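Source file: run12.tsv (TSV, C-alpha atoms and all ligand atoms)
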```tsv
chain	number	residue	atom	x	y	z
A	204	MET	CA	-16.73	-23.23	-12.93
A	205	PHE	CA	-13.18	-21.90	-12.55
A	206	GLU	CA	-12.27	-22.51	-16.18
A	207	SER	CA	-11.58	-18.90	-17.06
A	208	LEU	CA	-10.07	-17.44	-13.92
A	209	PRO	CA	-7.75	-14.50	-14.58
A	210	GLU	CA	-4.07	-14.56	-13.65
A	211	GLU	CA	-4.39	-11.23	-11.92
A	212	VAL	CA	-7.05	-8.91	-10.49
A	213	THR	CA	-6.96	-5.44	-8.97
A	214	VAL	CA	-7.82	-4.92	-5.33
A	215	TYR	CA	-9.09	-1.35	-5.05
A	216	GLU	CA	-8.43	-0.30	-1.47
A	217	VAL	CA	-11.12	2.02	-0.14
A	218	GLY	CA	-10.22	1.76	3.57
A	219	PRO	CA	-8.81	5.28	4.02
A	220	ARG	CA	-12.10	6.71	2.70
A	221	ASP	CA	-15.05	4.31	2.84
A	222	GLY	CA	-13.58	2.53	5.85
A	223	LEU	CA	-12.54	5.48	8.00
A	224	GLN	CA	-15.65	7.53	7.26
A	225	ASN	CA	-17.68	4.80	8.94
A	226	GLU	CA	-15.50	4.54	12.03
A	227	THR	CA	-16.64	6.39	15.15
A	228	VAL	CA	-13.14	7.40	16.26
A	229	PRO	CA	-11.58	9.81	13.75
A	230	LEU	CA	-7.90	9.35	12.92
A	231	GLY	CA	-5.51	12.28	12.62
A	232	ALA	CA	-3.98	13.15	9.25
A	233	THR	CA	-0.56	11.82	10.30
A	234	ASP	CA	-2.03	8.41	11.17
A	235	LYS	CA	-3.99	8.34	7.91
A	236	ILE	CA	-0.87	9.11	5.90
A	237	ALA	CA	1.09	6.41	7.76
A	238	PHE	CA	-1.73	3.96	7.00
A	239	ILE	CA	-1.70	4.86	3.29
A	240	GLN	CA	2.10	4.54	3.24
A	241	ALA	CA	1.80	1.06	4.77
A	242	LEU	CA	-0.77	0.09	2.12
A	243	VAL	CA	1.60	1.24	-0.63
A	244	GLU	CA	4.43	-0.77	0.94
A	245	ALA	CA	2.15	-3.82	1.00
A	246	GLY	CA	1.83	-3.51	-2.79
A	247	VAL	CA	-1.63	-1.93	-3.13
A	248	LYS	CA	-1.85	-0.09	-6.45
A	249	ARG	CA	-5.17	1.73	-6.26
A	250	ILE	CA	-6.12	3.56	-3.10
A	251	GLU	CA	-9.05	5.82	-2.35
A	252	ALA	CA	-7.28	8.20	-0.01
A	253	THR	CA	-9.94	10.64	1.16
A	254	SER	CA	-13.07	12.62	0.32
A	255	PHE	CA	-13.79	16.21	-0.68
A	256	VAL	CA	-17.37	16.01	0.53
A	257	HIS	CA	-18.14	18.94	2.87
A	258	PRO	CA	-16.78	18.22	6.40
A	259	LYS	CA	-20.29	18.83	7.76
A	260	TRP	CA	-21.32	15.51	6.15
A	261	ILE	CA	-18.15	13.50	6.74
A	262	PRO	CA	-16.24	15.03	9.69
A	263	GLN	CA	-13.87	12.04	9.81
A	264	LEU	CA	-12.39	13.15	6.47
A	265	ALA	CA	-12.30	16.92	7.02
A	266	ASP	CA	-8.51	16.89	6.58
A	267	ALA	CA	-8.51	15.89	2.90
A	268	GLU	CA	-5.99	18.53	1.82
A	269	LYS	CA	-3.58	17.57	4.60
A	270	VAL	CA	-3.82	13.88	3.72
A	271	CYS	CA	-3.28	14.58	0.02
A	272	ALA	CA	-0.24	16.75	0.78
A	273	GLY	CA	1.28	13.83	2.66
A	274	LEU	CA	0.59	11.10	0.09
A	275	PRO	CA	3.74	9.09	-0.62
A	276	GLU	CA	5.59	9.37	-3.92
A	277	ALA	CA	4.68	5.97	-5.27
A	278	PRO	CA	5.20	5.27	-8.98
A	279	GLY	CA	2.52	2.99	-10.35
A	280	VAL	CA	0.08	3.75	-7.52
A	281	ARG	CA	-3.10	5.65	-8.30
A	282	PHE	CA	-4.76	7.68	-5.56
A	283	SER	CA	-8.40	8.70	-5.73
A	284	ALA	CA	-10.81	10.84	-3.73
A	285	LEU	CA	-14.58	11.19	-3.50
A	286	VAL	CA	-16.01	14.45	-4.88
A	287	PRO	CA	-19.69	15.43	-4.53
A	288	ASN	CA	-19.80	18.44	-6.87
A	289	VAL	CA	-17.76	21.04	-8.77
A	290	LYS	CA	-16.70	22.70	-5.50
A	291	GLY	CA	-15.30	19.40	-4.22
A	292	LEU	CA	-13.63	18.82	-7.57
A	293	GLU	CA	-11.93	22.22	-7.42
A	294	ARG	CA	-10.44	21.23	-4.06
A	295	ALA	CA	-9.35	17.87	-5.45
A	296	LEU	CA	-7.75	19.43	-8.53
A	297	LYS	CA	-5.40	21.42	-6.29
A	298	THR	CA	-3.97	18.11	-5.05
A	299	ARG	CA	-2.12	15.37	-6.92
A	300	ILE	CA	-5.01	12.89	-6.72
A	301	HIS	CA	-5.04	10.85	-9.96
A	302	GLU	CA	-8.72	10.05	-10.00
A	303	VAL	CA	-11.94	11.46	-8.57
A	304	ALA	CA	-15.03	9.46	-7.70
A	305	ILE	CA	-18.63	10.61	-8.01
A	306	PHE	CA	-21.49	8.72	-6.39
A	307	LEU	CA	-25.18	8.11	-6.76
A	308	SER	CA	-27.71	5.32	-6.15
A	309	ALA	CA	-29.58	2.89	-8.35
A	310	SER	CA	-32.73	3.52	-6.29
A	311	GLU	CA	-34.45	6.91	-6.09
A	312	SER	CA	-35.22	6.77	-2.35
A	313	HIS	CA	-31.63	6.05	-1.38
A	314	ASN	CA	-30.34	8.76	-3.71
A	315	LYS	CA	-32.77	11.29	-2.22
A	316	ARG	CA	-31.89	10.42	1.36
A	317	ASN	CA	-28.17	10.23	0.67
A	318	ILE	CA	-27.57	13.19	-1.63
A	319	HIS	CA	-30.93	14.99	-1.64
A	320	ARG	CA	-31.53	14.79	-5.37
A	321	THR	CA	-33.29	12.58	-7.86
A	322	VAL	CA	-31.05	10.24	-9.86
A	323	ALA	CA	-31.63	12.39	-12.97
A	324	GLU	CA	-30.63	15.55	-11.06
A	325	SER	CA	-27.47	13.83	-9.82
A	326	LEU	CA	-26.51	12.83	-13.35
A	327	ALA	CA	-27.09	16.37	-14.59
A	328	ASP	CA	-25.00	17.81	-11.73
A	329	TYR	CA	-22.14	15.42	-12.38
A	330	ARG	CA	-21.84	16.35	-16.04
A	331	ASP	CA	-19.61	19.36	-15.27
A	332	VAL	CA	-17.64	17.45	-12.64
A	333	VAL	CA	-16.77	14.69	-15.10
A	334	THR	CA	-15.98	17.09	-17.96
A	335	GLN	CA	-13.72	19.28	-15.81
A	336	ALA	CA	-11.97	16.32	-14.17
A	337	ARG	CA	-11.21	14.81	-17.56
A	338	ALA	CA	-10.06	18.15	-18.95
A	339	ALA	CA	-7.63	18.31	-16.03
A	340	GLY	CA	-6.29	14.88	-16.94
A	341	ARG	CA	-7.78	13.04	-13.97
A	342	GLY	CA	-9.56	9.73	-14.14
A	343	VAL	CA	-13.21	9.45	-13.08
A	344	ARG	CA	-14.80	6.63	-11.12
A	345	GLY	CA	-18.54	6.40	-10.58
A	346	TYR	CA	-20.03	4.64	-7.56
A	347	VAL	CA	-23.49	3.24	-7.96
A	348	SER	CA	-24.98	2.36	-4.56
A	349	THR	CA	-27.85	-0.01	-3.77
A	350	VAL	CA	-27.27	-2.06	-6.95
A	351	PHE	CA	-28.64	-5.26	-5.44
A	352	GLY	CA	-31.06	-3.88	-2.89
A	353	CYS	CA	-32.22	-0.64	-1.28
A	354	PRO	CA	-32.96	-0.15	2.44
A	355	TYR	CA	-36.09	1.86	1.52
A	356	GLU	CA	-37.35	0.17	-1.64
A	357	GLY	CA	-36.20	-3.44	-1.29
A	358	ALA	CA	-35.27	-5.18	-4.53
A	359	VAL	CA	-33.75	-3.00	-7.27
A	360	ASP	CA	-34.55	-3.58	-10.94
A	361	PRO	CA	-31.35	-4.74	-12.69
A	362	ARG	CA	-32.51	-2.90	-15.83
A	363	ALA	CA	-32.30	0.38	-13.90
A	364	VAL	CA	-28.70	-0.48	-13.02
A	365	VAL	CA	-27.80	-1.28	-16.63
A	366	ARG	CA	-29.38	2.03	-17.75
A	367	LEU	CA	-27.52	3.99	-15.08
A	368	VAL	CA	-24.16	2.42	-15.93
A	369	GLY	CA	-24.81	3.39	-19.56
A	370	GLU	CA	-25.58	6.97	-18.54
A	371	LEU	CA	-22.42	7.22	-16.44
A	372	LYS	CA	-20.33	5.84	-19.29
A	373	ALA	CA	-21.95	8.38	-21.62
A	374	LEU	CA	-20.93	11.17	-19.22
A	375	GLY	CA	-17.32	10.04	-19.56
A	376	VAL	CA	-16.88	7.96	-16.39
A	377	ASP	CA	-13.98	5.51	-16.83
A	378	GLU	CA	-14.97	2.88	-14.31
A	379	VAL	CA	-18.28	2.20	-12.59
A	380	SER	CA	-18.11	0.53	-9.19
A	381	LEU	CA	-21.26	-1.47	-8.47
A	382	GLY	CA	-22.10	-1.26	-4.78
A	383	ASP	CA	-23.97	-3.81	-2.72
A	384	THR	CA	-24.37	-1.06	-0.14
A	385	ILE	CA	-26.42	-3.00	2.38
A	386	GLY	CA	-24.80	-6.37	1.72
A	387	VAL	CA	-27.84	-8.28	0.51
A	388	ALA	CA	-26.56	-9.71	-2.79
A	389	THR	CA	-26.14	-13.43	-3.43
A	390	PRO	CA	-23.91	-15.04	-6.08
A	391	ALA	CA	-26.41	-15.91	-8.83
A	392	GLU	CA	-27.71	-12.33	-9.14
A	393	VAL	CA	-24.18	-10.91	-8.96
A	394	TYR	CA	-23.17	-13.27	-11.76
A	395	THR	CA	-26.18	-12.48	-13.97
A	396	LEU	CA	-25.93	-8.69	-13.66
A	397	SER	CA	-22.12	-8.62	-13.90
A	398	LYS	CA	-22.19	-10.84	-16.98
A	399	GLN	CA	-24.63	-8.52	-18.74
A	400	LEU	CA	-22.67	-5.39	-17.79
A	401	VAL	CA	-19.36	-6.92	-18.91
A	402	ARG	CA	-21.00	-7.80	-22.21
A	403	ASP	CA	-22.51	-4.31	-22.65
A	404	PHE	CA	-19.67	-2.12	-21.37
A	405	GLY	CA	-16.53	-4.28	-21.12
A	406	ALA	CA	-14.71	-5.48	-18.01
A	407	LYS	CA	-12.42	-2.42	-18.02
A	408	SER	CA	-15.44	-0.23	-17.22
A	409	LEU	CA	-16.50	-2.14	-14.12
A	410	ALA	CA	-15.70	-2.94	-10.52
A	411	LEU	CA	-17.62	-4.65	-7.74
A	412	HIS	CA	-17.95	-3.04	-4.31
A	413	LEU	CA	-19.30	-5.78	-2.08
A	414	HIS	CA	-20.27	-5.61	1.55
A	415	ASN	CA	-20.17	-8.59	3.88
A	416	THR	CA	-23.11	-7.59	6.03
A	417	ARG	CA	-24.74	-11.02	5.63
A	418	GLY	CA	-21.58	-13.04	4.97
A	419	THR	CA	-21.98	-13.34	1.19
A	420	ALA	CA	-19.23	-10.98	-0.03
A	421	LEU	CA	-16.54	-13.54	-0.91
A	422	ALA	CA	-19.04	-15.84	-2.61
A	423	ASN	CA	-20.15	-12.80	-4.60
A	424	VAL	CA	-16.52	-12.05	-5.56
A	425	VAL	CA	-16.27	-15.55	-7.03
A	426	ALA	CA	-19.49	-14.95	-8.97
A	427	GLY	CA	-18.12	-11.65	-10.22
A	428	LEU	CA	-14.83	-13.27	-11.27
A	429	GLU	CA	-16.72	-15.91	-13.22
A	430	ALA	CA	-18.68	-13.16	-14.96
A	431	GLY	CA	-15.47	-11.37	-15.97
A	432	ILE	CA	-15.12	-8.64	-13.31
A	433	ARG	CA	-11.45	-7.86	-12.63
A	434	VAL	CA	-11.54	-5.02	-10.07
A	435	PHE	CA	-12.86	-5.51	-6.51
A	436	ASP	CA	-13.19	-2.85	-3.82
A	437	SER	CA	-12.41	-3.67	-0.20
A	438	THR	CA	-11.14	-2.10	2.99
A	439	ALA	CA	-8.03	-3.14	4.91
A	440	GLY	CA	-9.07	-5.13	7.96
A	441	GLY	CA	-12.73	-4.71	6.98
A	442	LEU	CA	-12.57	-1.09	8.21
A	443	GLY	CA	-15.92	0.57	8.54
A	444	GLY	CA	-17.57	-2.68	9.42
A	445	CYS	CA	-17.46	-2.19	13.16
A	446	PRO	CA	-20.65	-3.71	14.61
A	447	TYR	CA	-20.73	-1.07	17.36
A	448	ALA	CA	-20.77	1.88	14.99
A	449	PRO	CA	-24.13	3.21	13.87
A	450	GLY	CA	-24.46	2.88	10.11
A	451	ALA	CA	-21.69	0.29	9.97
A	452	SER	CA	-21.04	-0.56	6.39
A	453	GLY	CA	-19.75	-4.11	6.62
A	454	ASN	CA	-17.08	-3.61	3.97
A	455	LEU	CA	-15.41	-6.70	2.54
A	456	ALA	CA	-11.96	-6.99	4.16
A	457	SER	CA	-8.99	-6.68	1.80
A	458	GLU	CA	-7.07	-9.43	3.61
A	459	ASP	CA	-9.96	-11.89	3.22
A	460	LEU	CA	-10.19	-11.00	-0.47
A	461	VAL	CA	-6.42	-11.29	-1.07
A	462	TYR	CA	-6.22	-14.60	0.84
A	463	MET	CA	-8.99	-16.11	-1.28
A	464	LEU	CA	-7.65	-14.78	-4.59
A	465	HIS	CA	-4.09	-15.96	-3.91
A	466	GLY	CA	-5.41	-19.34	-2.82
A	467	MET	CA	-7.23	-19.56	-6.17
A	468	GLY	CA	-3.97	-18.84	-8.01
A	469	ILE	CA	-4.91	-15.25	-8.83
A	470	ARG	CA	-2.24	-12.59	-8.28
A	471	THR	CA	-2.94	-9.21	-6.69
A	472	GLY	CA	0.63	-7.95	-6.20
A	473	ILE	CA	-0.19	-7.52	-2.50
A	474	ASP	CA	1.85	-8.93	0.38
A	475	LEU	CA	-0.74	-10.37	2.74
A	476	VAL	CA	1.45	-10.15	5.84
A	477	LYS	CA	2.36	-6.51	5.21
A	478	LEU	CA	-1.28	-5.67	4.54
A	479	THR	CA	-2.31	-7.36	7.78
A	480	ARG	CA	0.31	-5.35	9.66
A	481	ALA	CA	-1.02	-2.14	8.12
A	482	SER	CA	-4.48	-3.00	9.43
A	483	LYS	CA	-3.35	-4.22	12.86
A	484	ALA	CA	-1.57	-0.89	13.43
A	485	LEU	CA	-4.97	0.82	13.31
A	486	GLU	CA	-6.63	-1.25	16.05
A	487	PRO	CA	-5.22	0.68	19.04
A	488	LEU	CA	-6.09	3.97	17.30
A	489	LEU	CA	-9.68	2.93	16.55
A	490	GLY	CA	-10.17	1.21	19.89
A	491	HIS	CA	-11.57	-2.05	18.55
A	492	ALA	CA	-10.50	-5.25	16.83
A	493	LEU	CA	-10.92	-5.29	13.06
A	494	GLU	CA	-13.51	-7.50	11.40
A	495	SER	CA	-11.32	-9.37	8.92
A	496	ASN	CA	-11.20	-13.13	9.51
A	497	VAL	CA	-7.75	-13.35	7.95
A	498	VAL	CA	-6.42	-10.52	10.12
A	499	ARG	CA	-7.69	-12.36	13.17
A	500	SER	CA	-6.14	-15.67	12.14
A	501	LEU	CA	-2.83	-14.14	11.05
A	502	SER	CA	-2.46	-11.79	14.00
A	503	MET	CA	-0.41	-14.13	16.18
A	504	HIS	CA	2.04	-14.69	13.37
A	505	VAL	CA	2.49	-11.17	12.11
A	506	SER	CA	3.02	-9.76	15.60
A	507	ARG	CA	5.71	-12.33	16.42
A	508	PRO	CA	9.30	-11.14	15.97
A	509	ALA	CA	11.51	-13.08	13.56
A	510	GLU	CA	13.60	-15.74	15.34
A	511	ASP	CA	16.69	-17.43	13.94
A	512	GLY	CA	16.12	-15.87	10.56
A	513	GLN	CA	12.73	-17.57	10.24
A	514	ASP	CA	9.86	-15.77	8.64
A	515	PRO	CA	7.42	-15.11	11.50
A	516	ALA	CA	4.55	-15.67	9.11
A	517	GLN	CA	5.71	-19.21	8.41
A	518	GLY	CA	3.12	-21.80	9.26
A	519	SER	CA	0.22	-19.44	8.94
A	520	PHE	CA	-1.15	-20.77	5.66
A	521	ILE	CA	-0.36	-17.83	3.45
A	522	PRO	CA	-1.10	-18.94	-0.10
A	523	ASP	CA	1.27	-18.07	-2.93
A	524	PRO	CA	-0.80	-17.49	-6.08
A	525	ASP	CA	1.97	-18.66	-8.39
A	526	SER	CA	2.46	-22.01	-6.72
A	527	ARG	CA	-1.31	-22.53	-6.76
A	528	ARG	CA	-1.51	-22.19	-10.51
A	529	GLN	CA	-0.37	-25.05	-12.68
A	530	LYS	CA	2.50	-24.07	-14.93
A	531	SER	CA	1.16	-26.26	-17.75
A	532	GLY	CA	-0.72	-23.39	-19.31
A	533	ALA	CA	-4.17	-24.62	-18.42
A	534	ASP	CA	-5.93	-22.25	-16.07
A	535	VAL	CA	-6.69	-24.75	-13.38
A	536	ILE	CA	-5.79	-24.70	-9.75
A	537	ALA	CA	-3.05	-27.06	-8.70
A	538	LEU	CA	-4.21	-29.57	-6.15
A	539	GLU	CA	-1.39	-28.98	-3.73
A	540	LYS	CA	-1.87	-28.30	-0.06
A	541	PRO	CA	-0.02	-25.46	1.63
A	542	GLN	CA	2.68	-26.78	3.92
A	543	ALA	CA	2.12	-26.07	7.58
A	544	SER	CA	5.36	-25.53	9.42
A	545	LYS	CA	6.28	-27.28	12.65
A	546	ASN	CA	6.31	-24.10	14.66
A	547	ILE	CA	2.68	-23.21	14.01
A	548	VAL	CA	1.26	-21.11	16.82
A	549	THR	CA	-1.98	-22.44	18.21
A	550	THR	CA	-2.67	-20.04	21.06
A	551	PHE	CA	-6.11	-18.35	21.25
A	552	ASN	CA	-7.84	-20.66	18.81
A	553	GLN	CA	-8.61	-23.68	20.96
A	601	ZN	ZN	-18.32	0.22	1.11
```

Here is the file; what I need is its structure written in the form of structure tokens.
Amino acid sequence: MFESLPEEVTVYEVGPRDGLQNETVPLGATDKIAFIQALVEAGVKRIEATSFVHPKWIPQLADAEKVCAGLPEAPGVRFSALVPNVKGLERALKTRIHEVAIFLSASESHNKRNIHRTVAESLADYRDVVTQARAAGRGVRGYVSTVFGCPYEGAVDPRAVVRLVGELKALGVDEVSLGDTIGVATPAEVYTLSKQLVRDFGAKSLALHLHNTRGTALANVVAGLEAGIRVFDSTAGGLGGCPYAPGASGNLASEDLVYMLHGMGIRTGIDLVKLTRASKALEPLLGHALESNVVRSLSMHVSRPAEDGQDPAQGSFIPDPDSRRQKSGADVIALEKPQASKNIVTTFNQ
């Protein structure tokens, strides 16, 4: 294990869409834009900003046009949005979204309940969406839900997933994001399926969208890394995973993902403290504490003002991916411990 870890992976931030659509308190467009701006400042390079699904289905994201109009000018950052059909695409194409995302399920029952079509009907409907998006120069992402388990059917046949990924690639989808929608996956199956998909379609075509509903998301990330996956979806703070919200999604928290990756010597380009601040700013607006373990443990540090020129985050065990990776060329993790500073804050965790 850990012999072929990459130097860098992409954290695909889906908080403004997948996260906020599962929160009970809707945010205003201004707050959403400020959140996206804070994510950009933290170094996030791919951000799913909103959704062009009809507001009847996702009222939390009814302000898609407003949000898109306020997206920051950020060279090197790619913004995406969910589109359900050609109508949604037409709305998206009037904005400067770089990429659109279509969605369907690996299991028939979930697809029918979620988007009221068979999987084959969904694929047929998306043909025009993908063609027109590509003709307009936009990228296309495809979400496959219930890859590792369906709430109605139970286990999902991995062969059905492989077939579906092939069909999406044939339609012209650039990247397929494999969703553990109900958070039931465990590492061995994630590894086996990811390995096969990487072999069949290449790592550039794939992403993992893991949910932490049963606490296995980070272990599954490690399995995915080992299998060659290089793009992982997550939400800042674990947005959308509120246990009090009906239909809570249990999204993997971006901070937990970044902390683990950096600790393993894998770069993300993201500043963990800035990302945590972006998430913390949402708590008073949403009316509840966020789920992320790292946000909880870092909170005392990031909310402390700088004193005597000291970094307030000092002493909070923030791993630097570069110092964790041996410079000798071998891709192994250096066995050095992070230095805890003297002024470590211990309040609240006794
Ligand atoms: Zn999700």

Within 8 Å of ligand ZN 601 (chain A), counting only C-alpha atoms and all ligand atoms, which protein or nucleic acid residues do you find, written as a ChimeraX atom specification?
-> /A:217,221-222,382-384,412-414,436-438,443,452-455

Which of these residues is nearest to A:Gly472, using all atoms listed in the file: A:Ala406, A:Val393, A:Pro524, A:Val303?
->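 Ranking A:Ala406, A:Val393, A:Pro524, A:Val303 by distance to A:Gly472, first place goes to A:Pro524.
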
Could you tell me how far atom CA of A:Phe351 lies from atom CA of A:Val376, in Å and to one decimal?
->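 Calculated distance between atom CA of A:Phe351 and atom CA of A:Val376 is 20.8 Å.
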
So which residues touch A:Arg470 within 10 Å, counting only C-alpha atoms, skipping near sequence neighbours fewer than 2 positions away, as a PyMOL selection string?
-> chain A and resi 209-214+461+464-468+472-473+523-525+528

Can you pull out every residue within 10 Å of A:Gln263, counting all atoms listed in the file, but drop anything in the same chain fewer than 2 positions away, and send it as a ChimeraX atom specification?
-> /A:220,223-232,253-254,258-261,265-267

Closest to A:Arg527 among A:Met463, A:Ile385, A:Leu493, A:Leu501, using only C-alpha atoms?
-> A:Met463

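Atom pair atom CA of A:Leu274 / atom CA of A:Gly342 has a distance of 17.5 Å (rounded to one decimal).
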
A:Tyr462 environment, 8 Å, all atoms listed in the file, sequence neighbours closer than 4 positions dropped, as number ranges by chain = A: 458, 466, 475, 497, 521-522

Identify which of the residues A:Val247, A:Val364, A:Ile432, A:Ala336 lies closest to A:Ala309, counting all atoms listed in the file when measuring atom-to-atom distances.
->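 Closest to A:Ala309, using all atoms listed in the file: A:Val364.
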